[in-house]
Amino acid sequence: MDLRYTQAEQSFRTGLRTWLADTLPALPSKPSPNDWPGRRAYDTHWQRLLFDAGYAGVDWPVEGGGRGSSPVEQLIFKEELERAHAPYVGVNFVGLLHAGPTVIAEGTPEQRQRYLPPILRGDEVWCQGFSEPDAGSDLASLRTRAVRDGDEYVVTGSKIWTSHAEVADYCELLVRTGAEDSRHRGITWLILPMDSAGVEIRPLTTIAGSAEFAELFLDGVRIPVSNRVGDENDGWRVTMVTLSFERGTAFVGDLLEAIELLSKSVALAHRTGAWSDPGVRRQAGHLKAELDALWALTKRNVSQAARTGVPGIGGTVFKLAYTETRQKLGEFSLSLLGRAGLAAHDSEGLDGLGSLPAEAMVEDWLRGISLTIAAGTSQIQRNIVGERILGLPKEPIRGL
Amino acid sequence: MDFELTEFQSDLATGVRRLCEGRFALDTLRRAEGSDRVVERDGWRQLGGAGVFNLCLGEDTGGLGLGLADAALVFEELGRALVPGPLVASHLAAGLIEGADDGSVVVGLVERPSGGSGATASGGLAIPVVPVVPVVPVVIEHLADLDVLLAVSDEGVTSIEPSTLDATRMGRPMDPLTPLWSVSSLPAGTPVAGADVSARWRRDGAVLTAALQIGAAAWTTELAVEYAKERKQFGRPIGGFQAIKHLCADMVVRTEVARAAVHAAAVTVDQPDVGDALVAAAGAKLLADEAALANGRSCIQVHGGMGFTWEVPAHLAYKRARVLATQFGTDHELAQSLAQSLAQSLAQ
Ligand SMILES: Cc1cc2nc3c(=O)[nH]c(=O)nc-3n(C[C@H](O)[C@H](O)[C@H](O)COP(=O)(O)OP(=O)(O)OC[C@H]3O[C@@H](n4cnc5c(N)ncnc54)[C@H](O)[C@@H]3O)c2cc1C
């Protein structure tokens with residue numbers, strides 16, 4: 001067990017740090033949260049800068065056009081970006097972390113050539129059309145139908161919770177090609193151009209009041225068979241292969257942001273006088289222990305990925321623990337604001353020291369609520385730990 | 001950076017697990033339940049022979065020259081096996097008290113009330129060996145087994161001859177394998193080490209005690225899962241019910257998070273440039289205590305009525321966890337220390 005970075009790892013960090021220091025001050029100002037075209041432009045511009053500097057796809061293999069960095073370098077990359085307050089991956093999320101890796105692993109040479117470079121350059125944005133109104137946790141029950149017609153699939157159905165759909169060029173789409181009850185044996189993975197005829201996007205407003213995700217209605221949408229990644233009815237496996245790209249770094253930025261939020265909360269508690277309350281200090285101290293432990297667990301998971309090449313089960317354990325700690329932290333920061341925390345609005349403090357950070361803290365608290373739902377709810381994660389790590393009996397599934 | 005165990009470290013842990021399974025099987029240990037003496041001298045020397053006490057001593061002083069990270073792995077195994085006795089105290093005393101290193105001398109440790117309670121007295125971050133509460137007498141574990149009792153304070157360490165103490169045996173100790181005595185005051189004793197040693201012991205003691213806790217937390221998880229697979233109700237194994245499955249999943253999560261913290265704290269002691277070892281130790285102990293306590297409790301719950309019997313060993317782990325949770329920082333003291341570290345980094 002060695003927590004010291006090697007010479008090579010340190011020089012990777014130094015180079016990146018220098019580049020960030022040179023690059024970040026020249027960034028345009030951040031668009032407002034509901035200006036989606038503005039956000040797309042901002043996020044993809046940032047991706048282009050990364051690309052030009054050779055930092056696009058640090059976690060992608062060199063064959064895919066990525067940098068092919070080791071898991072430890074990937075960790076350093078995310079750590080340095082967060083510490084420098086660089087822009088988030090934003091609308092590039094699905095392309096860089098999901099669709100891209102899927103095309104690398106399972107796409108044809110033509111598909112790789114067509115789709116990968118624009119993701120890395122920030123030219124094209126992807127979204128994920130997996131969940132459906134009747135297929136969330138039970139994704140394998142999805143019903144969006146694809147019927148083969150010559151060299152096209154004709155797709156009818158609907159998707160939901162599709163993040164960034166409104167600004168996406170492509171959607172990684174899971175469709176039913178097998179019999180109605182074929183579950184994971186009858187699913188196919190398709191590339192849907194979002195400007196296809198028959199695609200309708202209806203934005204959904206989140207509890208934070210932003211149109212972060214959307215409903216997708218597909219009415220006889222024709223998708224070329226050449227847009228299929230993997231074999232027909234093999235889409236479930238294709239999706240699972242993608243997950244094996246995870247190197248334990250999925251939440252690095254998030255976690256470091258949480259550590260910063262804790263110290264902002266401590267500062268706020270000093271300002272309001274709440275810090276003199278041992279109960280408040282106890283909560284803060286406990287959160288510190290949790291966040292430090294999660295940072296250690298991240299290093300453990302990354303090290304395991306570096307050794308074995310596979311992500312292992314650590315990611316599930318991490319997500320369960322992290323998301324709950326993050327929610328506790330959100331509650332803690334909000335409690336310090338008192339009634340100023342009832343609006344996402346920076347009220348002027350009565351101490352003459354400027355405004356109170358309510359907007360950021362309320363936003364963060366709201367967003368935190370989604371963490372135990374998105375990408376597999378905590379209940380489903382607990383099933384996974386119980387069944388796959390501990391070998392407890394599986395959930396009964398109707399029809400299996 | 002490679003935070004996985006080296007092959008040597010895995011082998012070390014496996015070796016200690018084998019030793020525990022052979023020499024310290026629970027059924028054997030349990031024969032000492034309720035007695036004044038639970039340290040069996042031959043076994044203690046065997047632990048010494050396996051390096052449990054001299055692991056971190058330099059090779060020039062007859063030790064193995066290993067780090068606290070290696071020791072933490074060893075203590076995780078001892079915790080898992082519920083090996084009783086003043087393991088941490090004897091490990092810390094190795095090199096200072098003759099015979100502690102090879103297990104021929106059994107050493108106990110206590111916080112000296114008059115010297116302040118560590119956390120508060122020194123004003124800085126410090127973890128008391130045991131909490132000092134004004135009305136509560138000094139409680140000493142394993143007194144009848146001790147050859148030497150050491151008292152720690154901010155000023156340093158003093159040695160007390162155990163037989164000179166006017167101690168009362170406490171009836172019905174919670175953990176039947178941790179007999180307890182109480183005394184109203186401690187004699188001055190002979191100074192044996194200075195403030196630097198007490199500071200180091202408080203930190204390293206917290207890490208090693210936390211290691212014992214995660215060992216137990218992992219063991220109670222296994223015990224619960226085994227039972228959840230075996231026991232059937234409503235025509236199926238209870239582990240198929242989510243209420244049980246999720247209790248077990250939470251046990252894993254608590255253990256793994258705490259284990260990462262304990263290992264990181266131990267490594268940080270060995271590699272001081274990677275972080276603040278005292279802060280890491282406090283955080284690790286806090287989470288390890290919680291994991292051991294909550295897992296012990298869940299293990300009993302998963303066992304239903306069986307879990308409430310003396311026979312099923314779930315309660316032993318739970319009770320041991322309670323004892324260890326009072327050593328080297330209680331949850332309150334640790335969380336307050338961590339809060340103080342947050343305030344300090346804010347000031348910087
Ligand atoms: C912010 C956000 C962004 C998202 N982005 C996308 C996206 O871009 N693309 C996409 O495809 N999807 C996306 N999702 C969807 C997400 O993956 C689903 O919300 C999630 O899988 C849960 O499905 P559901 O919402 O249908 O809830 P349900 O599955 O209906 O669950 C409802 C409740 O029942 C519980 N439950 C369900 N089954 C079980 C079980 N077997 N055992 C115990 N409890 C159970 C759940 O834990 C939950 O509490 C996003 C979600 C959020 C919140």
# chains A, B, ... in the order shown; residues from 1 in each chain; ligands from 1
>>> select_by_dssp(residues="segment 148-340 of chain A", states="strand (DSSP E or B)", output="PDB file with N, CA, C and O atoms, in the first residue's frame")
ATOM      1  N   ARG A 148     -37.245  -4.538 -38.203  1.00  0.00           N
ATOM      2  CA  ARG A 148     -36.339  -4.479 -39.344  1.00  0.00           C
ATOM      3  C   ARG A 148     -37.136  -4.285 -40.628  1.00  0.00           C
ATOM      4  O   ARG A 148     -38.120  -4.973 -40.877  1.00  0.00           O
ATOM      5  N   ASP A 149     -36.712  -3.335 -41.457  1.00  0.00           N
ATOM      6  CA  ASP A 149     -37.342  -3.122 -42.762  1.00  0.00           C
ATOM      7  C   ASP A 149     -36.216  -2.870 -43.744  1.00  0.00           C
ATOM      8  O   ASP A 149     -35.710  -1.749 -43.857  1.00  0.00           O
ATOM      9  N   GLU A 152     -33.008  -0.909 -42.767  1.00  0.00           N
ATOM     10  CA  GLU A 152     -33.337   0.069 -41.723  1.00  0.00           C
ATOM     11  C   GLU A 152     -34.097  -0.611 -40.591  1.00  0.00           C
ATOM     12  O   GLU A 152     -34.728  -1.651 -40.777  1.00  0.00           O
ATOM     13  N   TYR A 153     -34.030   0.018 -39.421  1.00  0.00           N
ATOM     14  CA  TYR A 153     -34.923  -0.346 -38.324  1.00  0.00           C
ATOM     15  C   TYR A 153     -35.975   0.749 -38.227  1.00  0.00           C
ATOM     16  O   TYR A 153     -35.637   1.933 -38.344  1.00  0.00           O
ATOM     17  N   VAL A 154     -37.205   0.322 -37.993  1.00  0.00           N
ATOM     18  CA  VAL A 154     -38.258   1.313 -37.782  1.00  0.00           C
ATOM     19  C   VAL A 154     -38.591   1.279 -36.288  1.00  0.00           C
ATOM     20  O   VAL A 154     -38.992   0.237 -35.753  1.00  0.00           O
ATOM     21  N   VAL A 155     -38.371   2.402 -35.644  1.00  0.00           N
ATOM     22  CA  VAL A 155     -38.416   2.428 -34.181  1.00  0.00           C
ATOM     23  C   VAL A 155     -39.607   3.242 -33.683  1.00  0.00           C
ATOM     24  O   VAL A 155     -39.815   4.382 -34.094  1.00  0.00           O
ATOM     25  N   THR A 156     -40.373   2.611 -32.773  1.00  0.00           N
ATOM     26  CA  THR A 156     -41.522   3.292 -32.187  1.00  0.00           C
ATOM     27  C   THR A 156     -41.554   3.039 -30.681  1.00  0.00           C
ATOM     28  O   THR A 156     -41.386   1.892 -30.245  1.00  0.00           O
ATOM     29  N   GLY A 157     -41.740   4.113 -29.941  1.00  0.00           N
ATOM     30  CA  GLY A 157     -41.810   3.956 -28.489  1.00  0.00           C
ATOM     31  C   GLY A 157     -41.442   5.262 -27.822  1.00  0.00           C
ATOM     32  O   GLY A 157     -41.459   6.316 -28.450  1.00  0.00           O
ATOM     33  N   SER A 158     -41.125   5.194 -26.523  1.00  0.00           N
ATOM     34  CA  SER A 158     -40.727   6.429 -25.858  1.00  0.00           C
ATOM     35  C   SER A 158     -39.659   6.183 -24.804  1.00  0.00           C
ATOM     36  O   SER A 158     -39.557   5.094 -24.224  1.00  0.00           O
ATOM     37  N   LYS A 159     -38.868   7.194 -24.621  1.00  0.00           N
ATOM     38  CA  LYS A 159     -37.788   7.172 -23.624  1.00  0.00           C
ATOM     39  C   LYS A 159     -38.042   8.312 -22.659  1.00  0.00           C
ATOM     40  O   LYS A 159     -38.751   9.274 -22.969  1.00  0.00           O
ATOM     41  N   ILE A 160     -37.423   8.209 -21.499  1.00  0.00           N
ATOM     42  CA  ILE A 160     -37.643   9.266 -20.511  1.00  0.00           C
ATOM     43  C   ILE A 160     -36.373   9.499 -19.695  1.00  0.00           C
ATOM     44  O   ILE A 160     -35.511   8.621 -19.633  1.00  0.00           O
ATOM     45  N   TRP A 161     -36.285  10.674 -19.105  1.00  0.00           N
ATOM     46  CA  TRP A 161     -35.129  11.109 -18.292  1.00  0.00           C
ATOM     47  C   TRP A 161     -33.884  11.275 -19.158  1.00  0.00           C
ATOM     48  O   TRP A 161     -32.781  11.125 -18.664  1.00  0.00           O
ATOM     49  N   THR A 162     -34.062  11.512 -20.436  1.00  0.00           N
ATOM     50  CA  THR A 162     -32.907  11.621 -21.323  1.00  0.00           C
ATOM     51  C   THR A 162     -32.218  12.969 -21.087  1.00  0.00           C
ATOM     52  O   THR A 162     -32.688  14.000 -21.545  1.00  0.00           O
ATOM     53  N   SER A 163     -31.091  12.918 -20.365  1.00  0.00           N
ATOM     54  CA  SER A 163     -30.375  14.154 -20.030  1.00  0.00           C
ATOM     55  C   SER A 163     -29.799  14.790 -21.284  1.00  0.00           C
ATOM     56  O   SER A 163     -29.289  14.091 -22.169  1.00  0.00           O
ATOM     57  N   TYR A 170     -26.667  12.943 -31.172  1.00  0.00           N
ATOM     58  CA  TYR A 170     -26.918  11.505 -31.260  1.00  0.00           C
ATOM     59  C   TYR A 170     -27.407  10.980 -29.924  1.00  0.00           C
ATOM     60  O   TYR A 170     -27.140  11.565 -28.883  1.00  0.00           O
ATOM     61  N   CYS A 171     -28.103   9.852 -30.035  1.00  0.00           N
ATOM     62  CA  CYS A 171     -28.585   9.207 -28.822  1.00  0.00           C
ATOM     63  C   CYS A 171     -28.193   7.739 -28.868  1.00  0.00           C
ATOM     64  O   CYS A 171     -28.387   7.076 -29.900  1.00  0.00           O
ATOM     65  N   GLU A 172     -27.621   7.254 -27.779  1.00  0.00           N
ATOM     66  CA  GLU A 172     -27.388   5.804 -27.683  1.00  0.00           C
ATOM     67  C   GLU A 172     -28.707   5.210 -27.206  1.00  0.00           C
ATOM     68  O   GLU A 172     -29.171   5.485 -26.117  1.00  0.00           O
ATOM     69  N   LEU A 173     -29.301   4.411 -28.086  1.00  0.00           N
ATOM     70  CA  LEU A 173     -30.684   4.001 -27.891  1.00  0.00           C
ATOM     71  C   LEU A 173     -30.769   2.498 -27.687  1.00  0.00           C
ATOM     72  O   LEU A 173     -30.232   1.730 -28.481  1.00  0.00           O
ATOM     73  N   LEU A 174     -31.441   2.090 -26.611  1.00  0.00           N
ATOM     74  CA  LEU A 174     -31.697   0.659 -26.436  1.00  0.00           C
ATOM     75  C   LEU A 174     -33.113   0.365 -26.909  1.00  0.00           C
ATOM     76  O   LEU A 174     -34.060   1.040 -26.505  1.00  0.00           O
ATOM     77  N   VAL A 175     -33.245  -0.625 -27.773  1.00  0.00           N
ATOM     78  CA  VAL A 175     -34.556  -0.961 -28.333  1.00  0.00           C
ATOM     79  C   VAL A 175     -34.832  -2.453 -28.213  1.00  0.00           C
ATOM     80  O   VAL A 175     -33.907  -3.267 -28.065  1.00  0.00           O
ATOM     81  N   ARG A 176     -36.098  -2.792 -28.276  1.00  0.00           N
ATOM     82  CA  ARG A 176     -36.518  -4.202 -28.240  1.00  0.00           C
ATOM     83  C   ARG A 176     -36.579  -4.740 -29.656  1.00  0.00           C
ATOM     84  O   ARG A 176     -37.334  -4.214 -30.484  1.00  0.00           O
ATOM     85  N   ILE A 187     -32.553  -7.245 -26.728  1.00  0.00           N
ATOM     86  CA  ILE A 187     -32.331  -5.796 -26.767  1.00  0.00           C
ATOM     87  C   ILE A 187     -31.203  -5.477 -27.755  1.00  0.00           C
ATOM     88  O   ILE A 187     -30.228  -6.225 -27.850  1.00  0.00           O
ATOM     89  N   THR A 188     -31.355  -4.381 -28.487  1.00  0.00           N
ATOM     90  CA  THR A 188     -30.331  -3.983 -29.450  1.00  0.00           C
ATOM     91  C   THR A 188     -29.915  -2.535 -29.205  1.00  0.00           C
ATOM     92  O   THR A 188     -30.731  -1.709 -28.780  1.00  0.00           O
ATOM     93  N   TRP A 189     -28.657  -2.251 -29.465  1.00  0.00           N
ATOM     94  CA  TRP A 189     -28.034  -0.932 -29.194  1.00  0.00           C
ATOM     95  C   TRP A 189     -27.909  -0.182 -30.516  1.00  0.00           C
ATOM     96  O   TRP A 189     -27.208  -0.622 -31.428  1.00  0.00           O
ATOM     97  N   LEU A 190     -28.591   0.932 -30.645  1.00  0.00           N
ATOM     98  CA  LEU A 190     -28.585   1.687 -31.909  1.00  0.00           C
ATOM     99  C   LEU A 190     -28.091   3.119 -31.707  1.00  0.00           C
ATOM    100  O   LEU A 190     -28.234   3.687 -30.616  1.00  0.00           O
ATOM    101  N   ILE A 191     -27.554   3.680 -32.778  1.00  0.00           N
ATOM    102  CA  ILE A 191     -27.173   5.094 -32.781  1.00  0.00           C
ATOM    103  C   ILE A 191     -28.298   5.866 -33.461  1.00  0.00           C
ATOM    104  O   ILE A 191     -28.560   5.681 -34.655  1.00  0.00           O
ATOM    105  N   LEU A 192     -28.959   6.704 -32.692  1.00  0.00           N
ATOM    106  CA  LEU A 192     -30.072   7.482 -33.233  1.00  0.00           C
ATOM    107  C   LEU A 192     -29.629   8.926 -33.493  1.00  0.00           C
ATOM    108  O   LEU A 192     -29.281   9.638 -32.544  1.00  0.00           O
ATOM    109  N   PRO A 193     -29.649   9.362 -34.776  1.00  0.00           N
ATOM    110  CA  PRO A 193     -29.401  10.787 -35.029  1.00  0.00           C
ATOM    111  C   PRO A 193     -30.623  11.564 -34.534  1.00  0.00           C
ATOM    112  O   PRO A 193     -31.754  11.249 -34.901  1.00  0.00           O
ATOM    113  N   VAL A 199     -38.748  12.016 -34.387  1.00  0.00           N
ATOM    114  CA  VAL A 199     -38.237  12.188 -33.022  1.00  0.00           C
ATOM    115  C   VAL A 199     -38.839  13.455 -32.436  1.00  0.00           C
ATOM    116  O   VAL A 199     -38.713  14.531 -33.013  1.00  0.00           O
ATOM    117  N   GLU A 200     -39.519  13.296 -31.322  1.00  0.00           N
ATOM    118  CA  GLU A 200     -40.039  14.486 -30.654  1.00  0.00           C
ATOM    119  C   GLU A 200     -39.456  14.556 -29.243  1.00  0.00           C
ATOM    120  O   GLU A 200     -39.412  13.556 -28.527  1.00  0.00           O
ATOM    121  N   ILE A 201     -39.004  15.727 -28.883  1.00  0.00           N
ATOM    122  CA  ILE A 201     -38.379  15.916 -27.567  1.00  0.00           C
ATOM    123  C   ILE A 201     -39.250  16.824 -26.722  1.00  0.00           C
ATOM    124  O   ILE A 201     -39.559  17.934 -27.135  1.00  0.00           O
ATOM    125  N   ARG A 202     -39.674  16.345 -25.570  1.00  0.00           N
ATOM    126  CA  ARG A 202     -40.432  17.204 -24.661  1.00  0.00           C
ATOM    127  C   ARG A 202     -39.655  17.380 -23.366  1.00  0.00           C
ATOM    128  O   ARG A 202     -39.479  16.425 -22.615  1.00  0.00           O
ATOM    129  N   PRO A 203     -39.173  18.581 -23.124  1.00  0.00           N
ATOM    130  CA  PRO A 203     -38.357  18.810 -21.929  1.00  0.00           C
ATOM    131  C   PRO A 203     -39.147  18.535 -20.650  1.00  0.00           C
ATOM    132  O   PRO A 203     -40.349  18.776 -20.586  1.00  0.00           O
ATOM    133  N   LEU A 204     -38.451  18.000 -19.667  1.00  0.00           N
ATOM    134  CA  LEU A 204     -39.042  17.797 -18.340  1.00  0.00           C
ATOM    135  C   LEU A 204     -38.298  18.702 -17.366  1.00  0.00           C
ATOM    136  O   LEU A 204     -37.072  18.816 -17.437  1.00  0.00           O
ATOM    137  N   PHE A 213     -33.438  17.241 -18.255  1.00  0.00           N
ATOM    138  CA  PHE A 213     -33.706  16.030 -19.027  1.00  0.00           C
ATOM    139  C   PHE A 213     -35.038  16.152 -19.762  1.00  0.00           C
ATOM    140  O   PHE A 213     -35.763  17.140 -19.589  1.00  0.00           O
ATOM    141  N   ALA A 214     -35.341  15.126 -20.592  1.00  0.00           N
ATOM    142  CA  ALA A 214     -36.503  15.238 -21.473  1.00  0.00           C
ATOM    143  C   ALA A 214     -37.138  13.884 -21.708  1.00  0.00           C
ATOM    144  O   ALA A 214     -36.552  12.835 -21.429  1.00  0.00           O
ATOM    145  N   GLU A 215     -38.356  13.968 -22.240  1.00  0.00           N
ATOM    146  CA  GLU A 215     -39.004  12.768 -22.753  1.00  0.00           C
ATOM    147  C   GLU A 215     -38.741  12.716 -24.240  1.00  0.00           C
ATOM    148  O   GLU A 215     -38.707  13.758 -24.902  1.00  0.00           O
ATOM    149  N   LEU A 216     -38.610  11.509 -24.747  1.00  0.00           N
ATOM    150  CA  LEU A 216     -38.292  11.321 -26.155  1.00  0.00           C
ATOM    151  C   LEU A 216     -39.391  10.454 -26.749  1.00  0.00           C
ATOM    152  O   LEU A 216     -39.599   9.340 -26.270  1.00  0.00           O
ATOM    153  N   PHE A 217     -40.089  10.970 -27.747  1.00  0.00           N
ATOM    154  CA  PHE A 217     -41.119  10.151 -28.403  1.00  0.00           C
ATOM    155  C   PHE A 217     -40.619   9.766 -29.775  1.00  0.00           C
ATOM    156  O   PHE A 217     -40.177  10.613 -30.546  1.00  0.00           O
ATOM    157  N   LEU A 218     -40.682   8.476 -30.061  1.00  0.00           N
ATOM    158  CA  LEU A 218     -40.160   7.970 -31.321  1.00  0.00           C
ATOM    159  C   LEU A 218     -41.315   7.354 -32.094  1.00  0.00           C
ATOM    160  O   LEU A 218     -41.921   6.380 -31.644  1.00  0.00           O
ATOM    161  N   ASP A 219     -41.624   7.944 -33.233  1.00  0.00           N
ATOM    162  CA  ASP A 219     -42.779   7.497 -33.995  1.00  0.00           C
ATOM    163  C   ASP A 219     -42.350   7.093 -35.400  1.00  0.00           C
ATOM    164  O   ASP A 219     -42.168   7.934 -36.272  1.00  0.00           O
ATOM    165  N   GLY A 220     -42.137   5.794 -35.586  1.00  0.00           N
ATOM    166  CA  GLY A 220     -41.723   5.273 -36.883  1.00  0.00           C
ATOM    167  C   GLY A 220     -40.392   5.857 -37.355  1.00  0.00           C
ATOM    168  O   GLY A 220     -40.198   6.107 -38.539  1.00  0.00           O
ATOM    169  N   VAL A 221     -39.485   6.050 -36.413  1.00  0.00           N
ATOM    170  CA  VAL A 221     -38.170   6.633 -36.756  1.00  0.00           C
ATOM    171  C   VAL A 221     -37.332   5.586 -37.490  1.00  0.00           C
ATOM    172  O   VAL A 221     -37.193   4.450 -37.036  1.00  0.00           O
ATOM    173  N   ARG A 222     -36.776   5.962 -38.636  1.00  0.00           N
ATOM    174  CA  ARG A 222     -35.989   5.014 -39.431  1.00  0.00           C
ATOM    175  C   ARG A 222     -34.505   5.201 -39.134  1.00  0.00           C
ATOM    176  O   ARG A 222     -33.947   6.282 -39.292  1.00  0.00           O
ATOM    177  N   ILE A 223     -33.912   4.118 -38.662  1.00  0.00           N
ATOM    178  CA  ILE A 223     -32.482   4.155 -38.311  1.00  0.00           C
ATOM    179  C   ILE A 223     -31.759   3.105 -39.158  1.00  0.00           C
ATOM    180  O   ILE A 223     -32.160   1.940 -39.163  1.00  0.00           O
ATOM    181  N   PRO A 224     -30.718   3.504 -39.879  1.00  0.00           N
ATOM    182  CA  PRO A 224     -30.013   2.528 -40.721  1.00  0.00           C
ATOM    183  C   PRO A 224     -29.442   1.378 -39.877  1.00  0.00           C
ATOM    184  O   PRO A 224     -28.986   1.608 -38.757  1.00  0.00           O
ATOM    185  N   ARG A 228     -26.235   0.128 -36.033  1.00  0.00           N
ATOM    186  CA  ARG A 228     -26.325  -0.815 -34.915  1.00  0.00           C
ATOM    187  C   ARG A 228     -24.923  -1.103 -34.393  1.00  0.00           C
ATOM    188  O   ARG A 228     -24.015  -1.381 -35.179  1.00  0.00           O
ATOM    189  N   VAL A 229     -24.751  -1.042 -33.101  1.00  0.00           N
ATOM    190  CA  VAL A 229     -23.463  -1.397 -32.504  1.00  0.00           C
ATOM    191  C   VAL A 229     -23.623  -2.764 -31.839  1.00  0.00           C
ATOM    192  O   VAL A 229     -24.498  -2.957 -31.004  1.00  0.00           O
ATOM    193  N   ASP A 234     -28.092  -8.327 -28.992  1.00  0.00           N
ATOM    194  CA  ASP A 234     -26.920  -8.452 -28.118  1.00  0.00           C
ATOM    195  C   ASP A 234     -26.635  -7.130 -27.389  1.00  0.00           C
ATOM    196  O   ASP A 234     -25.562  -6.938 -26.807  1.00  0.00           O
TER     197      ASP A 234
END
>>> closest_atom_pairs(of="chain A", to="chain B", cutoff="8 Å", atoms="only C-alpha atoms", output="tab-separated table")
residue	atom	partner	partner_atom	distance
A:Met1	CA	B:Phe3	CA	4.4
A:Asp2	CA	B:Asp2	CA	5.1
A:Leu3	CA	B:Met1	CA	4.9
A:Arg4	CA	B:Met1	CA	5.1
A:Tyr5	CA	B:Met1	CA	4.6
A:Thr6	CA	B:Met1	CA	6.5
A:Val72	CA	B:Met1	CA	7.0
A:Ser263	CA	B:Leu342	CA	7.0
A:Val266	CA	B:Ala343	CA	7.0
A:Ala267	CA	B:Leu346	CA	7.0
A:Pro278	CA	B:Gln336	CA	7.5
A:Arg281	CA	B:Ala339	CA	5.3
A:Arg282	CA	B:Ala335	CA	5.1
A:Gln283	CA	B:Ala335	CA	7.5
A:Ala284	CA	B:Ala339	CA	5.8
A:Gly285	CA	B:Ala339	CA	4.1
A:His286	CA	B:Ala335	CA	5.4
A:Lys288	CA	B:Leu338	CA	6.8
A:Ala289	CA	B:Gly283	CA	4.3
A:Glu290	CA	B:Leu287	CA	7.5
A:Asp292	CA	B:Ala261	CA	7.2
A:Ala293	CA	B:Ala261	CA	4.5
A:Leu294	CA	B:Val257	CA	6.5
A:Ala296	CA	B:Ala260	CA	5.4
A:Leu297	CA	B:Ala260	CA	5.1
A:Lys299	CA	B:Phe3	CA	6.3
A:Arg300	CA	B:Phe3	CA	5.3
A:Ser303	CA	B:Asp2	CA	5.2
A:Gln304	CA	B:Glu4	CA	6.3
A:Val317	CA	B:Val253	CA	5.4
A:Phe318	CA	B:Val253	CA	7.7
A:Leu320	CA	B:Val253	CA	7.4
A:Ala321	CA	B:Val253	CA	6.7
A:Gln379	CA	B:His246	CA	7.8
A:Arg382	CA	B:Ala249	CA	5.5
A:Asn383	CA	B:His246	CA	6.8
A:Val385	CA	B:Ala249	CA	5.5
A:Gly386	CA	B:Ala249	CA	5.2
A:Leu390	CA	B:Val225	CA	7.0
A:Leu392	CA	B:Gly239	CA	5.6
A:Pro393	CA	B:Gly240	CA	4.8
A:Lys394	CA	B:Gly240	CA	6.4
A:Glu395	CA	B:Gly240	CA	6.7
>>> atom_distance(atom1="atom CA of Ala258 of chain A", atom2="atom CA of Thr308 of chain A")
28.7 Å
>>> select_by_dssp(residues="segment 248-344 of chain B", states="alpha helix (DSSP H)", output="number ranges by chain")
B: 248-270, 277-302, 314-324, 331-344
>>> residues_near_ligand(ligand="ligand 1", cutoff="7 Å", atoms="only C-alpha atoms and all ligand atoms", output="PyMOL selection string")
chain A and resi 127-131+133-138+160-163+213+370+373-380+395
>>> closest_residue(among="B:Glu40, B:Glu77, B:Glu230, B:Asp166", to="Gly15 of chain B", atoms="only C-alpha atoms")
B:Glu77
>>> closest_residue(among="B:Arg203, B:Val130, B:Gly62, B:Arg23", to="Asp276 of chain B", atoms="only C-alpha atoms")
B:Arg203
>>> residues_around(residues="Asp27 of chain B", least_positions_apart="4", cutoff="10 Å", atoms="only C-alpha atoms", output="list in words")
Arg31, Ala32 and Pro313 of chain B
>>> decode(residues="segment 203-210 of chain A", atoms="N, CA and C atoms", output="mmCIF file, in the first residue's frame")
data_model
loop_
_atom_site.group_PDB
_atom_site.id
_atom_site.type_symbol
_atom_site.label_atom_id
_atom_site.label_comp_id
_atom_site.auth_asym_id
_atom_site.auth_seq_id
_atom_site.Cartn_x
_atom_site.Cartn_y
_atom_site.Cartn_z
ATOM 1 N N PRO A 203 -39.173 18.581 -23.124
ATOM 2 C CA PRO A 203 -38.357 18.810 -21.929
ATOM 3 C C PRO A 203 -39.147 18.535 -20.650
ATOM 4 N N LEU A 204 -38.451 18.000 -19.667
ATOM 5 C CA LEU A 204 -39.042 17.797 -18.340
ATOM 6 C C LEU A 204 -38.298 18.702 -17.366
ATOM 7 N N THR A 205 -39.031 19.316 -16.502
ATOM 8 C CA THR A 205 -38.384 20.209 -15.538
ATOM 9 C C THR A 205 -38.062 19.443 -14.267
ATOM 10 N N THR A 206 -36.831 19.576 -13.793
ATOM 11 C CA THR A 206 -36.415 18.876 -12.568
ATOM 12 C C THR A 206 -36.896 19.634 -11.335
ATOM 13 N N ILE A 207 -36.734 19.032 -10.168
ATOM 14 C CA ILE A 207 -37.135 19.723 -8.936
ATOM 15 C C ILE A 207 -36.267 20.941 -8.679
ATOM 16 N N ALA A 208 -35.134 21.017 -9.396
ATOM 17 C CA ALA A 208 -34.300 22.223 -9.269
ATOM 18 C C ALA A 208 -34.797 23.310 -10.218
ATOM 19 N N GLY A 209 -35.841 22.991 -10.977
ATOM 20 C CA GLY A 209 -36.425 24.000 -11.855
ATOM 21 C C GLY A 209 -35.733 24.135 -13.199
ATOM 22 N N SER A 210 -34.828 23.205 -13.530
ATOM 23 C CA SER A 210 -34.163 23.317 -14.827
ATOM 24 C C SER A 210 -34.598 22.177 -15.742
#
